[in-house]
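Only one structure is covered here, and it is reproduced in the block below.
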Amino acid sequence: MGNILRYSKKQLDKTLKDFVKKESIESDDISEWIRLINDFIYEFELKSEVDEEDKLSIKTNKEEQAVIEKMMFALEGSKTSLNYIFDGNITYIEE
């Protein structure tokens, strides 16, 4: 599949469109967004990790955060952010 972070803008846009065609958000519930983000992380083998055990949070880096948020925008058309979904509980990992 290749590293989605290295895709050209055109390739990324097509990949995101293909992904959101087969995915959907049933409601605006946070758990639906978490499911979708986890599916996206898994499908594209990203290093980001969602923690649902203790306090809902995500470990990510700036590049992956941008790609995940582009996918969310492609699906919903509004600027829902990881900051909103995880109530600011984002830990950045270094490359």
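As shown in the structure tokens, the chain order sets the letters A, B, ...; within each chain, residues go from 1, and ligands are also counted from 1 in the order they appear.
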Could you write out, as a PyMOL selection string, all the residues of chain A that DSSP marks as strand (DSSP E)?
chain A and resi 49-51+57-60+90-92
Please save N, CA, C and O atoms of the selected residues as a short mmCIF file (atom, residue, chain, number, x, y, z; two decimals), in the first residue's frame.
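Writing done, so here's out-v9.cif:
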data_model
loop_
_atom_site.label_atom_id
_atom_site.label_comp_id
_atom_site.auth_asym_id
_atom_site.auth_seq_id
_atom_site.Cartn_x
_atom_site.Cartn_y
_atom_site.Cartn_z
N GLU A 49 -1.95 5.80 18.15
CA GLU A 49 -2.66 4.85 19.00
C GLU A 49 -3.75 5.57 19.79
O GLU A 49 -3.49 6.61 20.38
N VAL A 50 -4.93 4.99 19.80
CA VAL A 50 -6.04 5.52 20.58
C VAL A 50 -6.11 4.74 21.89
O VAL A 50 -6.06 3.52 21.90
N ASP A 51 -6.22 5.46 23.00
CA ASP A 51 -6.38 4.84 24.32
C ASP A 51 -7.80 5.09 24.78
O ASP A 51 -8.19 6.23 25.01
N SER A 57 -7.78 9.24 24.87
CA SER A 57 -6.67 10.06 24.37
C SER A 57 -6.10 9.41 23.12
O SER A 57 -6.44 8.28 22.77
N ILE A 58 -5.21 10.14 22.47
CA ILE A 58 -4.53 9.62 21.29
C ILE A 58 -3.06 10.00 21.35
O ILE A 58 -2.72 11.09 21.81
N LYS A 59 -2.22 9.07 20.92
CA LYS A 59 -0.79 9.34 20.73
C LYS A 59 -0.59 9.40 19.23
O LYS A 59 -0.97 8.47 18.51
N THR A 60 -0.01 10.48 18.75
CA THR A 60 0.16 10.66 17.31
C THR A 60 1.34 11.59 17.06
O THR A 60 1.99 12.03 18.00
N ILE A 90 -4.12 14.88 23.56
CA ILE A 90 -3.26 14.41 22.48
C ILE A 90 -1.83 14.43 22.96
O ILE A 90 -1.35 15.44 23.47
N THR A 91 -1.16 13.30 22.82
CA THR A 91 0.26 13.20 23.13
C THR A 91 1.00 13.05 21.83
O THR A 91 0.66 12.19 21.01
N TYR A 92 2.00 13.90 21.62
CA TYR A 92 2.76 13.83 20.37
C TYR A 92 3.99 12.97 20.56
O TYR A 92 4.74 13.14 21.51
#
Restricting to only C-alpha atoms, whichever of A:Gly77, A:Asp54, A:Phe44, A:Leu82 is closest to A:Leu12 is A:Phe44
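Between A:Ile34 and the candidates A:Ile4, A:Ala74, A:Val20, A:Leu56, the tightest atom-to-atom separation, counting only C-alpha atoms, involves A:Leu56.
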Select from stretch 1-53 of chain A everything DSSP, run on the backbone, classes as alpha helix (DSSP H), then give the selection as number ranges by chain.
A: 9-22, 30-43
For A:Phe19, which residue among A:Val67, A:Ile93, A:Leu5, A:Leu75 is the nearest when counting only C-alpha atoms?
A:Leu75
In Å, with one decimal, what is the gap from atom CA of A:Asn89 to atom CA of A:Lys55?
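Going from atom CA of A:Asn89 over to atom CA of A:Lys55 covers 8.2 Å.
Non-sequential neighbours of A:Asn3 (distance at most 10 Å, separation of 4 or more positions within a chain, only C-alpha atoms) are Tyr7, Phe44, Glu45 and Leu46 of chain A.
Among the candidate residues A:Lys17, A:Ser27, A:Ile68, A:Ser8, the one lying nearest to A:Tyr42 is A:Ile68, with distances computed using only C-alpha atoms.
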Computed interatomic separation between atom CA of A:Ser48 and atom CA of A:Ala66 (Å)
11.7 Å
In Å to one decimal, how far is atom CA of A:Ser78 from atom CA of A:Glu43?
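Straight-line distance from atom CA of A:Glu43 to atom CA of A:Ser78 works out to 22.7 Å.
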Using only C-alpha atoms, can you tell me which of A:Asp18, A:Asp13, A:Glu63, A:Asp28 comes closest to A:Thr80?
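When distances to A:Thr80 are compared using only C-alpha atoms, the smallest one comes from A:Asp28.
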Which residue, A:Glu69, A:Asp87, A:Glu53, A:Glu94, has the smallest gap to A:Ile30 when you use only C-alpha atoms?
A:Asp87
